[in-house]
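S.K.: work.cif is the file, holding mmCIF, C-alpha atoms and all ligand atoms:
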```cif
data_target
#
loop_
_atom_site.label_atom_id
_atom_site.label_comp_id
_atom_site.auth_asym_id
_atom_site.auth_seq_id
_atom_site.Cartn_x
_atom_site.Cartn_y
_atom_site.Cartn_z
CA MET A 1224 132.98 62.98 101.39
CA PRO A 1225 131.66 61.68 98.05
CA ASP A 1226 133.73 62.69 95.04
CA GLY A 1227 130.65 63.59 93.02
CA THR A 1228 131.62 61.51 89.97
CA SER A 1229 130.39 57.97 90.81
CA THR A 1230 127.06 57.04 89.23
CA SER A 1231 125.94 55.18 92.39
CA CYS A 1232 123.08 56.81 94.32
CA PRO A 1233 124.47 59.22 96.94
CA VAL A 1234 121.45 58.53 99.20
CA CYS A 1235 120.77 54.76 99.15
CA GLU A 1236 124.05 53.69 97.48
CA ALA A 1237 122.23 51.68 94.77
CA HIS A 1238 124.70 50.99 91.95
CA GLU A 1239 122.09 51.07 89.20
CA THR A 1240 120.99 54.61 88.37
CA ARG A 1241 119.85 55.94 85.02
CA LEU A 1242 120.54 59.06 83.03
CA PHE A 1243 117.51 61.33 83.24
CA ASP A 1244 118.69 64.50 81.55
CA ARG A 1245 121.83 66.08 80.22
CA LEU A 1246 122.18 69.79 80.90
CA ASP A 1247 124.55 71.87 78.85
CA VAL A 1248 123.65 75.43 79.69
CA GLY A 1249 126.82 77.48 79.76
CA LEU A 1250 128.37 75.49 82.57
CA ALA A 1251 132.09 74.73 82.52
CA ALA A 1252 131.23 71.08 81.76
CA PRO A 1253 127.93 69.49 80.71
CA SER A 1254 126.16 68.08 83.69
CA GLN A 1255 124.08 64.91 84.02
CA VAL A 1256 120.93 64.52 86.05
CA ARG A 1257 120.60 60.89 87.18
CA CYS A 1258 117.64 59.18 88.80
CA CYS A 1259 117.74 56.33 91.30
CA ASP A 1260 114.73 54.04 90.84
CA ALA A 1261 115.50 52.30 94.14
CA CYS A 1262 114.85 55.35 96.36
CA GLY A 1263 113.36 57.93 93.98
CA CYS A 1264 116.11 60.55 94.40
CA ALA A 1265 117.71 62.56 91.61
CA PHE A 1266 121.30 63.77 91.64
CA PHE A 1267 123.78 65.63 89.50
CA ARG A 1268 127.01 64.31 88.02
CA PRO A 1269 129.49 65.79 88.44
CA PHE A 1270 128.54 67.82 91.49
CA PRO A 1271 128.86 71.55 90.70
CA GLN A 1272 131.38 73.72 92.45
CA PRO A 1273 129.62 75.67 95.21
CA ASP A 1274 128.70 79.15 94.01
CA HIS A 1275 126.61 81.14 96.45
CA GLY A 1276 126.59 84.43 94.61
CA GLY A 1277 125.90 87.31 96.91
CA GLY A 1278 127.75 90.56 97.43
CA SER A 1279 126.08 92.34 94.47
CA PRO A 1280 123.99 95.45 95.17
CA VAL A 1281 121.96 94.82 91.99
CA LEU A 1282 121.02 91.30 93.12
CA ASP A 1283 120.28 92.58 96.62
CA LYS A 1284 117.98 95.25 95.23
CA PHE A 1285 116.14 92.74 93.07
CA ALA A 1286 115.84 90.16 95.85
CA LEU A 1287 114.67 92.62 98.51
CA GLU A 1288 112.31 94.61 96.29
CA TYR A 1289 110.79 91.95 94.08
CA ALA A 1290 111.58 88.42 95.17
CA THR A 1291 108.34 86.73 96.05
CA GLY A 1292 110.00 84.06 98.19
CA ILE A 1293 109.61 85.29 101.77
CA GLY A 1294 105.93 84.41 102.03
CA CYS A 1295 106.34 80.81 100.90
CA MET A 1296 109.34 80.34 103.21
CA LEU A 1297 107.28 81.57 106.15
CA GLU A 1298 104.45 79.12 105.30
CA ALA A 1299 106.77 76.25 106.15
CA LEU A 1300 107.36 77.80 109.58
CA LEU A 1301 103.69 78.17 110.52
CA PRO A 1302 103.37 74.65 112.02
CA VAL A 1303 105.74 75.67 114.86
CA ARG A 1304 104.33 79.17 115.37
CA GLY A 1305 103.70 79.62 119.11
CA LEU A 1306 105.88 76.69 120.20
CA PRO A 1307 108.58 78.06 122.52
CA ALA A 1308 112.20 77.85 121.33
CA GLU A 1309 114.99 79.55 123.31
CA ARG A 1310 117.83 79.13 120.82
CA ILE A 1311 117.25 79.06 117.06
CA LEU A 1312 119.78 78.35 114.31
CA GLU A 1313 119.25 78.96 110.62
CA ILE A 1314 121.57 77.26 108.15
CA GLY A 1315 122.12 79.19 104.90
CA GLY A 1316 119.46 81.76 105.66
CA GLY A 1317 120.35 84.49 103.15
CA TYR A 1318 118.96 87.73 104.53
CA GLY A 1319 117.57 85.84 107.53
CA PHE A 1320 113.80 86.36 107.19
CA LEU A 1321 112.95 82.84 108.28
CA LEU A 1322 115.16 83.13 111.34
CA ASP A 1323 113.72 86.54 112.13
CA ALA A 1324 110.10 85.33 111.90
CA ALA A 1325 110.92 82.22 113.94
CA GLY A 1326 112.43 84.47 116.62
CA LEU A 1327 109.20 86.49 116.79
CA TRP A 1328 106.84 83.53 116.57
CA CYS A 1329 108.66 81.27 119.06
CA GLY A 1330 109.86 83.92 121.56
CA ALA A 1331 113.54 83.07 121.12
CA ARG A 1332 116.27 84.43 123.39
CA GLU A 1333 119.10 83.76 120.96
CA LEU A 1334 119.18 83.73 117.16
CA CYS A 1335 122.11 82.52 115.09
CA MET A 1336 122.68 82.12 111.37
CA ILE A 1337 125.46 80.37 109.48
CA GLU A 1338 125.76 81.44 105.84
CA PRO A 1339 128.64 81.05 103.38
CA ALA A 1340 127.60 83.89 101.02
CA PRO A 1341 128.19 87.57 101.73
CA VAL A 1342 124.70 88.99 102.26
CA ALA A 1343 123.49 92.53 102.83
CA GLY A 1344 122.62 92.87 106.52
CA VAL A 1345 119.06 94.13 106.66
CA LEU A 1346 117.77 92.44 109.81
CA GLU A 1347 120.77 92.79 112.16
CA HIS A 1348 121.07 89.21 113.38
CA PRO A 1349 124.51 87.73 114.07
CA VAL A 1350 125.82 85.80 111.05
CA ILE A 1351 128.65 83.28 111.15
CA ALA A 1352 130.33 83.26 107.74
CA GLY A 1353 130.95 79.63 106.79
CA TYR A 1354 129.55 76.15 106.40
CA PHE A 1355 127.44 73.98 108.66
CA PRO A 1356 128.53 72.11 110.69
CA ALA A 1357 132.29 72.67 110.28
CA ASP A 1358 132.32 76.40 111.09
CA LEU A 1359 129.66 76.47 113.80
CA PRO A 1360 130.85 76.78 117.44
CA PRO A 1361 129.64 74.01 119.80
CA GLY A 1362 126.11 74.23 121.15
CA GLN A 1363 122.61 72.86 120.73
CA PHE A 1364 119.40 74.47 119.49
CA ASP A 1365 115.67 74.11 120.13
CA LEU A 1366 114.86 74.91 116.51
CA ILE A 1367 117.05 74.51 113.43
CA LEU A 1368 115.92 75.86 110.05
CA ALA A 1369 117.33 75.03 106.63
CA SER A 1370 115.21 76.32 103.77
CA GLU A 1371 116.31 75.13 100.31
CA VAL A 1372 119.73 74.03 101.58
CA LEU A 1373 119.65 70.20 101.57
CA GLU A 1374 119.77 70.07 97.76
CA HIS A 1375 123.00 72.12 97.75
CA VAL A 1376 125.09 69.93 100.03
CA PRO A 1377 127.44 67.26 98.63
CA ALA A 1378 127.04 64.89 101.61
CA PRO A 1379 123.36 65.18 102.62
CA LEU A 1380 123.44 62.19 105.00
CA ASP A 1381 126.29 63.75 107.00
CA PHE A 1382 124.41 67.07 106.90
CA LEU A 1383 121.24 65.51 108.36
CA ALA A 1384 123.26 63.65 111.01
CA ALA A 1385 124.90 66.95 112.02
CA ILE A 1386 121.47 68.57 112.41
CA PHE A 1387 120.41 65.79 114.81
CA ALA A 1388 123.66 66.22 116.76
CA ARG A 1389 122.88 69.93 117.23
CA LEU A 1390 119.22 69.50 118.33
CA THR A 1391 118.23 69.51 121.99
CA ALA A 1392 116.29 66.41 123.10
CA GLY A 1393 112.97 68.28 122.67
CA GLY A 1394 114.18 70.23 119.64
CA LEU A 1395 112.75 70.43 116.13
CA ALA A 1396 114.20 71.11 112.70
CA ILE A 1397 112.35 72.35 109.63
CA LEU A 1398 113.79 71.69 106.20
CA THR A 1399 112.40 72.63 102.82
CA THR A 1400 113.82 71.19 99.61
CA PRO A 1401 112.63 70.45 96.07
CA ASN A 1402 110.83 67.13 95.72
CA GLY A 1403 113.14 65.00 93.55
CA GLY A 1404 110.36 62.43 93.26
CA VAL A 1405 108.26 64.63 90.92
CA LEU A 1406 111.06 65.20 88.41
CA ARG A 1407 110.20 61.98 86.59
CA GLU A 1408 106.67 63.26 85.96
CA GLU A 1409 106.20 64.66 82.51
CA ASP A 1410 107.09 68.34 82.48
CA PRO A 1411 106.42 69.20 86.14
CA PRO A 1412 105.92 72.91 86.87
CA HIS A 1413 108.98 74.69 88.29
CA ARG A 1414 111.20 72.08 86.63
CA ALA A 1415 113.88 74.66 85.78
CA GLY A 1416 113.96 75.93 89.37
CA MET A 1417 114.15 72.39 90.70
CA LEU A 1418 117.11 71.57 88.50
CA SER A 1419 118.94 74.93 88.89
CA PRO A 1420 121.91 73.63 86.88
CA GLY A 1421 125.21 74.46 88.50
CA GLN A 1422 123.73 74.79 91.97
CA HIS A 1423 121.83 71.68 93.06
CA MET A 1424 123.46 68.36 93.91
CA VAL A 1425 120.92 65.90 95.37
CA LEU A 1426 117.11 66.08 95.20
CA PHE A 1427 115.41 63.79 97.72
CA SER A 1428 112.16 61.98 97.17
CA PRO A 1429 109.86 62.09 100.23
CA GLN A 1430 110.30 58.34 100.75
CA ALA A 1431 114.09 58.53 100.65
CA LEU A 1432 114.14 61.50 103.03
CA GLU A 1433 111.94 59.71 105.55
CA LYS A 1434 114.00 56.52 105.34
CA THR A 1435 117.23 58.48 105.79
CA VAL A 1436 115.91 60.31 108.86
CA ARG A 1437 114.83 56.97 110.41
CA SER A 1438 118.22 55.41 109.66
CA LEU A 1439 119.77 58.28 111.65
CA GLY A 1440 117.58 57.44 114.65
CA GLY A 1441 115.19 60.35 114.21
CA VAL A 1442 111.55 60.84 113.27
CA CYS A 1443 109.99 63.20 110.75
CA ARG A 1444 106.79 64.37 109.16
CA ILE A 1445 107.00 65.25 105.49
CA ASP A 1446 104.46 67.30 103.62
CA ALA A 1447 104.73 67.02 99.85
CA ARG A 1448 102.06 69.62 99.13
CA GLY A 1449 104.90 72.05 99.03
CA ALA A 1450 106.05 75.37 100.28
CA GLY A 1451 109.41 76.97 99.79
CA ARG A 1452 110.69 78.40 96.55
CA THR A 1453 109.70 75.48 94.32
CA GLY A 1454 106.07 75.93 95.26
CA ARG A 1455 104.01 72.77 95.26
CA ASN A 1456 107.02 70.79 94.04
CA GLY A 1457 108.69 71.36 97.37
CA LEU A 1458 108.93 69.18 100.45
CA VAL A 1459 108.49 70.49 103.97
CA CYS A 1460 110.12 68.14 106.47
CA VAL A 1461 109.77 68.62 110.23
CA LEU A 1462 112.19 66.39 112.08
CA ALA A 1463 112.92 65.61 115.72
CA ARG A 1464 114.86 63.18 117.83
CA GLU A 1465 111.75 61.89 119.60
CA ALA A 1466 108.26 61.07 118.30
CA ARG A 1467 106.50 62.84 121.21
CA VAL A 1468 108.08 66.15 120.09
CA LEU A 1469 106.50 65.90 116.64
CA GLU A 1470 103.07 65.58 118.24
CA ARG A 1471 103.23 69.23 119.35
CA VAL A 1472 103.66 70.45 115.78
CA GLY A 1473 100.61 71.75 113.95
CA PRO A 1474 99.67 70.78 110.39
CA LEU A 1475 101.09 72.64 107.41
CA PRO A 1476 98.29 75.11 106.61
CA SER A 1477 97.09 75.70 103.09
CA ALA A 1478 99.01 78.53 101.43
CA SER A 1479 95.81 80.23 100.37
CA SER A 1480 94.03 80.06 103.75
CA LEU A 1481 93.11 83.31 105.46
CA ARG A 1482 95.03 82.21 108.55
CA THR A 1483 98.25 81.69 106.59
CA ARG A 1484 97.99 84.96 104.72
CA GLY A 1485 96.96 86.87 107.85
CA ALA A 1486 99.97 85.54 109.79
CA ILE A 1487 102.37 86.49 107.02
CA ALA A 1488 100.81 89.95 106.63
CA ALA A 1489 101.22 90.46 110.39
CA TYR A 1490 104.92 89.62 110.08
CA TYR A 1491 105.36 92.20 107.29
CA ARG A 1492 103.57 94.83 109.40
CA ALA A 1493 105.82 94.06 112.37
CA LYS A 1494 108.87 94.68 110.16
CA LEU A 1495 107.42 97.92 108.79
CA VAL A 1496 107.17 99.59 112.20
CA ALA A 1497 110.99 99.49 112.45
CA PRO A 1498 112.83 102.85 112.46
CA PRO A 1499 113.07 104.66 109.10
CA ALA A 1500 115.29 102.96 106.53
CA GLU A 1501 118.80 104.42 106.26
CA THR A 1502 120.98 102.26 104.02
CA PRO A 1503 119.98 101.55 100.39
CA ALA A 1504 119.38 97.88 101.32
CA GLN A 1505 117.03 98.92 104.13
CA ARG A 1506 115.11 101.17 101.71
CA TRP A 1507 114.79 98.32 99.15
CA LEU A 1508 113.60 96.04 101.92
CA ARG A 1509 111.00 98.54 103.09
CA ALA A 1510 109.65 99.03 99.57
CA GLY A 1511 109.63 95.26 99.02
CA LEU A 1512 107.77 94.62 102.27
CA LEU A 1513 105.19 97.27 101.43
CA ALA A 1514 104.69 95.71 97.99
CA ARG A 1515 104.25 92.21 99.45
CA LEU A 1516 101.92 93.52 102.15
CA ALA A 1517 99.82 95.37 99.57
CA GLU A 1518 99.47 92.17 97.52
CA LEU A 1519 98.40 90.18 100.56
CA GLU A 1520 96.01 92.80 101.92
CA VAL A 1521 94.30 93.24 98.56
CA SER A 1522 94.01 89.48 98.09
CA ILE A 1523 92.40 88.97 101.51
CA ASP A 1524 90.31 92.12 101.15
CA ASP A 1525 91.86 93.83 104.18
CA ARG A 1526 90.82 97.49 104.32
CA ARG A 1527 94.29 98.52 105.42
CA ALA A 1528 95.43 97.96 101.80
CA GLY A 1529 94.42 101.55 100.92
CA ALA A 1530 96.98 103.03 103.35
CA THR A 1531 99.68 100.53 102.34
CA ILE A 1532 99.19 101.37 98.66
CA ALA A 1533 99.27 105.11 99.39
CA GLU A 1534 102.63 104.73 101.18
CA LEU A 1535 103.96 102.61 98.33
CA GLU A 1536 102.93 105.26 95.81
CA ARG A 1537 104.62 108.02 97.86
CA GLY A 1538 107.80 105.89 97.80
CA LEU A 1539 107.62 105.54 94.01
CA GLU A 1540 107.51 109.29 93.74
CA GLN A 1541 110.28 109.96 96.27
CA ASP A 1542 112.70 107.18 95.27
CA TYR A 1543 112.12 107.05 91.51
CA GLY A 1544 110.42 110.34 90.62
CA LEU A 1545 107.44 108.29 89.42
CA ASP A 1546 104.20 110.13 89.80
CA GLU A 1547 101.07 108.69 88.22
CA ALA A 1548 101.87 110.17 84.80
CA ALA A 1549 105.57 109.27 84.79
CA GLN A 1550 104.78 105.58 85.30
CA TRP A 1551 103.38 105.48 81.77
CA ALA A 1552 106.83 106.10 80.31
CA LEU A 1553 108.21 103.00 82.01
CA PRO A 1554 107.02 100.35 79.56
CA ASP A 1555 108.88 102.18 76.77
CA ALA A 1556 112.05 102.29 78.90
CA LEU A 1557 111.65 98.59 79.63
CA GLU A 1558 110.96 97.75 75.98
CA ALA A 1559 114.25 99.40 75.04
CA CYS A 1560 116.08 97.12 77.49
CA VAL A 1561 114.59 93.81 76.33
CA GLY A 1562 117.37 91.50 75.23
CA GLN A 1563 119.96 93.48 77.16
CA ASP A 1564 121.47 93.05 80.57
CA LEU A 1565 118.98 93.71 83.32
CA HIS A 1566 121.84 94.80 85.61
CA GLU A 1567 121.77 98.18 83.84
CA LEU A 1568 118.06 98.68 84.39
CA ILE A 1569 117.54 97.44 87.96
CA PRO A 1570 119.12 100.44 89.72
CA ARG A 1571 116.53 102.68 87.97
CA TYR A 1572 113.55 100.31 87.98
CA PRO A 1573 111.18 99.48 90.87
CA CYS A 1574 111.33 95.70 90.42
CA PHE A 1575 107.88 95.14 91.97
CA LEU A 1576 106.03 97.65 89.79
CA GLY A 1577 104.44 95.21 87.32
CA ARG A 1578 103.10 92.92 90.06
CA VAL A 1579 102.03 95.61 92.44
CA SER A 1580 100.29 97.72 89.78
CA TYR A 1581 97.98 94.76 89.26
CA PHE A 1582 97.06 94.75 92.95
CA ARG A 1583 96.77 98.56 93.05
CA ALA A 1584 94.34 98.30 90.14
CA MET A 1585 92.36 95.58 91.89
CA TRP A 1586 91.96 97.87 94.89
CA ARG A 1587 90.72 100.74 92.75
CA LEU A 1588 88.27 98.49 90.98
CA ASN A 1589 86.80 96.83 94.07
CA HIS A 1590 87.08 99.44 96.81
CA ALA A 1591 87.92 102.89 95.52
CA GLY A 1592 85.01 102.94 93.03
CA ASP A 1593 87.38 104.06 90.30
CA PRO A 1594 86.99 101.70 87.32
CA VAL A 1595 88.62 104.19 84.93
CA GLY A 1596 91.77 104.45 87.10
CA ALA A 1597 91.68 100.69 87.59
CA ALA A 1598 91.53 100.04 83.83
CA ARG A 1599 94.53 102.31 83.28
CA LEU A 1600 96.55 100.61 86.04
CA PHE A 1601 95.59 97.10 84.89
CA SER A 1602 96.79 97.86 81.41
CA LEU A 1603 100.02 99.38 82.79
CA SER A 1604 100.59 96.23 84.86
CA LEU A 1605 99.81 94.04 81.85
CA ARG A 1606 102.36 95.81 79.67
CA LEU A 1607 105.04 95.69 82.38
CA LEU A 1608 104.39 92.05 83.29
CA MET A 1609 104.50 90.99 79.64
CA LEU A 1610 107.72 92.88 78.99
CA GLU A 1611 109.34 91.49 82.12
CA GLN A 1612 108.25 88.01 81.10
CA ARG A 1613 109.38 88.38 77.49
CA GLY A 1614 112.70 90.02 78.17
CA PHE A 1615 113.78 88.68 81.53
CA SER A 1616 111.71 85.60 82.29
CA HIS A 1617 114.46 84.05 84.39
CA TRP A 1618 114.33 87.03 86.75
CA PHE A 1619 110.59 87.52 86.82
CA ALA A 1620 109.53 83.87 86.99
CA GLY A 1621 107.01 84.80 89.70
CA ASN A 1622 105.00 86.83 87.15
CA ARG A 1623 103.90 83.91 85.03
CA SER A 1624 100.50 83.34 86.57
CA LEU A 1625 99.70 87.06 86.81
CA VAL A 1626 99.93 87.89 83.10
CA ALA A 1627 96.67 86.15 82.15
CA GLN A 1628 94.88 87.62 85.18
CA ALA A 1629 96.07 91.12 84.30
CA ALA A 1630 94.81 90.70 80.72
CA ARG A 1631 91.42 89.50 81.93
CA HIS A 1632 91.07 92.31 84.45
CA THR A 1633 92.16 94.98 81.98
CA LEU A 1634 89.16 93.97 79.91
CA ILE A 1635 86.79 93.73 82.89
CA ALA A 1636 87.78 97.16 84.21
CA THR A 1637 87.57 98.73 80.75
CA ARG A 1638 84.06 97.33 80.29
CA ARG A 1639 83.03 98.48 83.72
CA SER A 1640 84.47 101.96 83.22
CA ILE A 1641 82.65 102.37 79.94
CA GLU A 1642 79.44 100.95 81.39
CA SER A 1643 79.53 103.31 84.38
CA ARG A 1644 80.20 106.28 82.15
CA VAL A 1645 77.47 105.43 79.71
CA LEU A 1646 74.88 104.82 82.33
CA ALA A 1647 75.85 107.85 84.40
CA ASN A 1648 76.11 110.32 81.60
CA TRP A 1649 75.25 109.84 77.95
CA LEU A 1650 76.95 113.15 77.25
CA GLY A 1651 80.25 111.39 77.89
CA LEU A 1652 80.05 109.87 74.40
CA ALA A 1653 83.06 111.81 73.16
CA GLN A 1654 85.18 110.12 75.81
CA LEU A 1655 83.60 106.79 74.98
CA GLY A 1656 84.60 107.30 71.36
CA ARG A 1657 88.20 107.73 72.43
CA GLU A 1658 88.03 104.51 74.45
CA LEU A 1659 86.61 102.69 71.45
CA ALA A 1660 89.60 103.60 69.32
CA ARG A 1661 91.56 101.09 71.40
CA PRO A 1662 91.32 97.31 70.85
CA ALA A 1663 90.18 96.65 74.42
CA GLY A 1664 87.52 99.34 73.96
CA GLN A 1665 86.19 97.64 70.84
CA GLN A 1666 85.77 94.38 72.71
CA ALA A 1667 84.00 96.28 75.46
CA TRP A 1668 81.77 97.97 72.87
CA ARG A 1669 80.64 94.60 71.45
CA TRP A 1670 79.80 93.51 74.97
CA LEU A 1671 77.98 96.75 75.73
CA ARG A 1672 75.95 96.57 72.50
CA GLY A 1673 74.58 93.23 73.64
CA LYS A 1674 73.33 94.89 76.81
CA LEU A 1675 71.51 97.80 75.13
CA PRO A 1676 67.85 97.59 74.09
ZN ZN B 1701 118.87 55.74 95.76
#
```
The structure given in the file should be rewritten as structure tokens.
M.R.:
Amino acid sequence: MPDGTSTSCPVCEAHETRLFDRLDVGLAAPSQVRCCDACGCAFFRPFPQPDHGGGSPVLDKFALEYATGIGCMLEALLPVRGLPAERILEIGGGYGFLLDAAGLWCGARELCMIEPAPVAGVLEHPVIAGYFPADLPPGQFDLILASEVLEHVPAPLDFLAAIFARLTAGGLAILTTPNGGVLREEDPPHRAGMLSPGQHMVLFSPQALEKTVRSLGGVCRIDARGAGRTGRNGLVCVLAREARVLERVGPLPSASSLRTRGAIAAYYRAKLVAPPAETPAQRWLRAGLLARLAELEVSIDDRRAGATIAELERGLEQDYGLDEAAQWALPDALEACVGQDLHELIPRYPCFLGRVSYFRAMWRLNHAGDPVGAARLFSLSLRLLMLEQRGFSHWFAGNRSLVAQAARHTLIATRRSIESRVLANWLGLAQLGRELARPAGQQAWRWLRGKLP
């Protein structure tokens, strides 16, 4: 077991490594990020003490309701969808979504997860509390999954060797991990998530990961286009003991393809036909799945989005007392919390509301023929997304790309609502005057004036 203080590379053992960054962000001791130019890996010195979090209802609520990670985890699994696997193991699977989807997609007879953190049980799969491989009873598996785990282990070579030891001869493993090779690029996106000070230990480059797998007698296929929580800065590695096994594995599909999004939407729907939610965690999960499904259905223009959104809106009313009008008070409540601890707000706040209001608005604009309602919802989503981003950007990192889109669509829907009113009924000028009192209305008016004779 490495002691985590030597400056030699923990992957290729090169003695010469260089200081890449020094992180001093409220950790017990400042931490160094070092790069190895011989193999392209990055690693932390000293290694942080393992801290898995977990066991907090507030974090569970946030993760189940809002966290946008399930979809990108499932993308990494699509290449083995339809390949039979009798026994599946997931290492460090959190709530177990990847394991659950793999069980459905590969027709497994036995599912097993090993996880050191206390996690809310929402999917009812057996969980062994502890570390891989030390705490896992003997046995081999046809499929082993480890999503965003490799970067957390202090002895990654031993970890990979243990995965090979637990694979059947025809078995496969899928690993996702941040791509340590892109860290040296200037300001790569998701840099903060890749570094995760206090949590990550070793970040592999694709070359080093491939070389390590070969040195252990295995074969692998690495896709550096990314999937997993670090987006396109992630690596997806499919590994096997024999080359012929890898030949059965499909390519990693594009995240934006219809096939990918359709498969993930189908998984969400399969989870939503489960019996009614009973525990708070099951209710958060159900709301979170509905929100993710609504986003996907709207983005692939699936007509079922209308029913999904209607159920989501009923839930907002039942669980939070938020009818259409009451949602307008939320930005003020959120504004008052900016700069404070989000733990106070989360129990009262539907964590997906900013994101999902954007997709609800998109539906009204494109399918429900309601540009006025769409403009209102876009501007609600814009205010919520901006407040979430300004006050709690660490929590709502997934919002970043939506803010600009929400701003653009608020303007488009406002223009369209004014245009449809004007053309349908010139007597609606009083209402138009009220719209024009707002800044977005004035922009729309300038646009409209250009259109008039
Ligand atoms: Zn190295």
S.K.: Might you pull out every residue within 8 Å of Arg1389 of chain A, with all atoms listed in the file counted and same-chain residues fewer than 5 positions away left off, and present them as a list in words?
M.R.: Gly1362, Gln1363 and Phe1364 of chain A
S.K.: At what distance in Å, to one decimal, does atom ZN of ligand ZN 1701 (chain B) lie from atom CA of His1238 of chain A?
M.R.: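 For atom CA of His1238 of chain A relative to atom ZN of ligand ZN 1701 (chain B), the distance reads 8.4 Å.
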S.K.: Residues within 12 Å of ligand ZN 1701 (chain B) (all atoms listed in the file), as a CSV table (one decimal) with C-alpha atoms, keeping the file's coordinate frame?
M.R.:
```
chain,number,residue,atom,x,y,z
A,1230,THR,CA,127.1,57.0,89.2
A,1231,SER,CA,125.9,55.2,92.4
A,1232,CYS,CA,123.1,56.8,94.3
A,1233,PRO,CA,124.5,59.2,96.9
A,1234,VAL,CA,121.4,58.5,99.2
A,1235,CYS,CA,120.8,54.8,99.2
A,1236,GLU,CA,124.0,53.7,97.5
A,1237,ALA,CA,122.2,51.7,94.8
A,1238,HIS,CA,124.7,51.0,92.0
A,1239,GLU,CA,122.1,51.1,89.2
A,1240,THR,CA,121.0,54.6,88.4
A,1241,ARG,CA,119.8,55.9,85.0
A,1257,ARG,CA,120.6,60.9,87.2
A,1258,CYS,CA,117.6,59.2,88.8
A,1259,CYS,CA,117.7,56.3,91.3
A,1260,ASP,CA,114.7,54.0,90.8
A,1261,ALA,CA,115.5,52.3,94.1
A,1262,CYS,CA,114.8,55.4,96.4
A,1263,GLY,CA,113.4,57.9,94.0
A,1264,CYS,CA,116.1,60.6,94.4
A,1265,ALA,CA,117.7,62.6,91.6
A,1266,PHE,CA,121.3,63.8,91.6
A,1403,GLY,CA,113.1,65.0,93.6
A,1404,GLY,CA,110.4,62.4,93.3
A,1425,VAL,CA,120.9,65.9,95.4
A,1426,LEU,CA,117.1,66.1,95.2
A,1427,PHE,CA,115.4,63.8,97.7
A,1428,SER,CA,112.2,62.0,97.2
A,1429,PRO,CA,109.9,62.1,100.2
A,1430,GLN,CA,110.3,58.3,100.8
A,1431,ALA,CA,114.1,58.5,100.6
A,1432,LEU,CA,114.1,61.5,103.0
A,1434,LYS,CA,114.0,56.5,105.3
A,1435,THR,CA,117.2,58.5,105.8
```
S.K.: Please provide the set of residues having any atom within 7 Å of Arg1587 of chain A, restricted to all atoms listed in the file, with same-chain residues fewer than 6 positions apart removed, written as a PyMOL selection string.
M.R.: chain A and resi 1593-1594+1596-1597
S.K.: Record the distance separating atom CA of Ser1229 of chain A and atom CA of Ser1419 of chain A, expressed in Å with one decimal.
M.R.: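 Computed distance, atom CA of Ser1229 of chain A to atom CA of Ser1419 of chain A, equals 20.6 Å.
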S.K.: Which residues come within 8 Å of Cys1560 of chain A, counting only C-alpha atoms, excluding same-chain residues fewer than 5 positions away, as a tab-separated table (two decimals) with C-alpha atoms, in the frame of the given file?
M.R.:
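File written: around.tsv
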```tsv
chain	number	residue	atom	x	y	z
A	1565	LEU	CA	118.98	93.71	83.32
A	1568	LEU	CA	118.06	98.68	84.39
A	1614	GLY	CA	112.70	90.02	78.17
```
S.K.: Expressed in Å to a single decimal, how great is the separation between atom CA of Leu1368 of chain A and atom CA of Val1461 of chain A?
M.R.: 9.5 Å
S.K.: Given all atoms listed in the file, how would the per-residue table for segment 1278-1348 of chain A near segment 1577-1582 of chain A read, listing every residue at most 12 Å away with its closest atom pair and distance in Å to one decimal, sorted by chain and number, as a tab-separated table?
M.R.:
```
residue	atom	partner	partner_atom	distance
A:Glu1288	CA	A:Val1579	CA	11.0
A:Tyr1289	CA	A:Arg1578	CA	8.7
A:Ala1290	CA	A:Arg1578	CA	10.9
A:Thr1291	CA	A:Arg1578	CA	10.1
```
S.K.: Could you build a table of the residues in segment 1356-1448 of chain A lying no more than 9 Å from segment 1306-1317 of chain A, giving for each the nearest pair of atoms and their separation in Å rounded to one decimal place, using only C-alpha atoms, ordered by chain and ascending residue number, as a Markdown table?
M.R.:
```
| residue | atom | partner | partner_atom | distance |
| --- | --- | --- | --- | --- |
| A:Gln1363 | CA | A:Arg1310 | CA | 7.9 |
| A:Phe1364 | CA | A:Arg1310 | CA | 5.1 |
| A:Asp1365 | CA | A:Ala1308 | CA | 5.2 |
| A:Leu1366 | CA | A:Ile1311 | CA | 4.8 |
| A:Ile1367 | CA | A:Leu1312 | CA | 4.8 |
| A:Leu1368 | CA | A:Glu1313 | CA | 4.6 |
| A:Ala1369 | CA | A:Ile1314 | CA | 5.0 |
| A:Ser1370 | CA | A:Gly1316 | CA | 7.2 |
| A:Glu1371 | CA | A:Gly1315 | CA | 8.4 |
| A:Val1372 | CA | A:Gly1315 | CA | 6.6 |
| A:Gly1394 | CA | A:Ala1308 | CA | 8.1 |
```
S.K.: Return the single residue from A:Pro1573, A:Pro1498, A:Gly1538, A:Gly1393 that is closest to Arg1467 of chain A, with distances computed using all atoms listed in the file.
M.R.: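 Smallest distance to Arg1467 of chain A is found for A:Gly1393.
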S.K.: For a quick check of understanding, using only C-alpha atoms, which of A:Leu1516, A:Phe1320, A:Tyr1354, A:Phe1270 has the smallest distance to Glu1374 of chain A?
M.R.: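 Checking each candidate against Glu1374 of chain A, we get A:Phe1270 as the closest.
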S.K.: With all atoms listed in the file as the basis for distance, which of A:Val1303, A:Leu1359, A:Gln1612, A:Ala1584 is at the shortest distance from Leu1469 of chain A?
M.R.: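 Of A:Val1303, A:Leu1359, A:Gln1612, A:Ala1584, the one nearest Leu1469 of chain A is A:Val1303, counting all atoms listed in the file.
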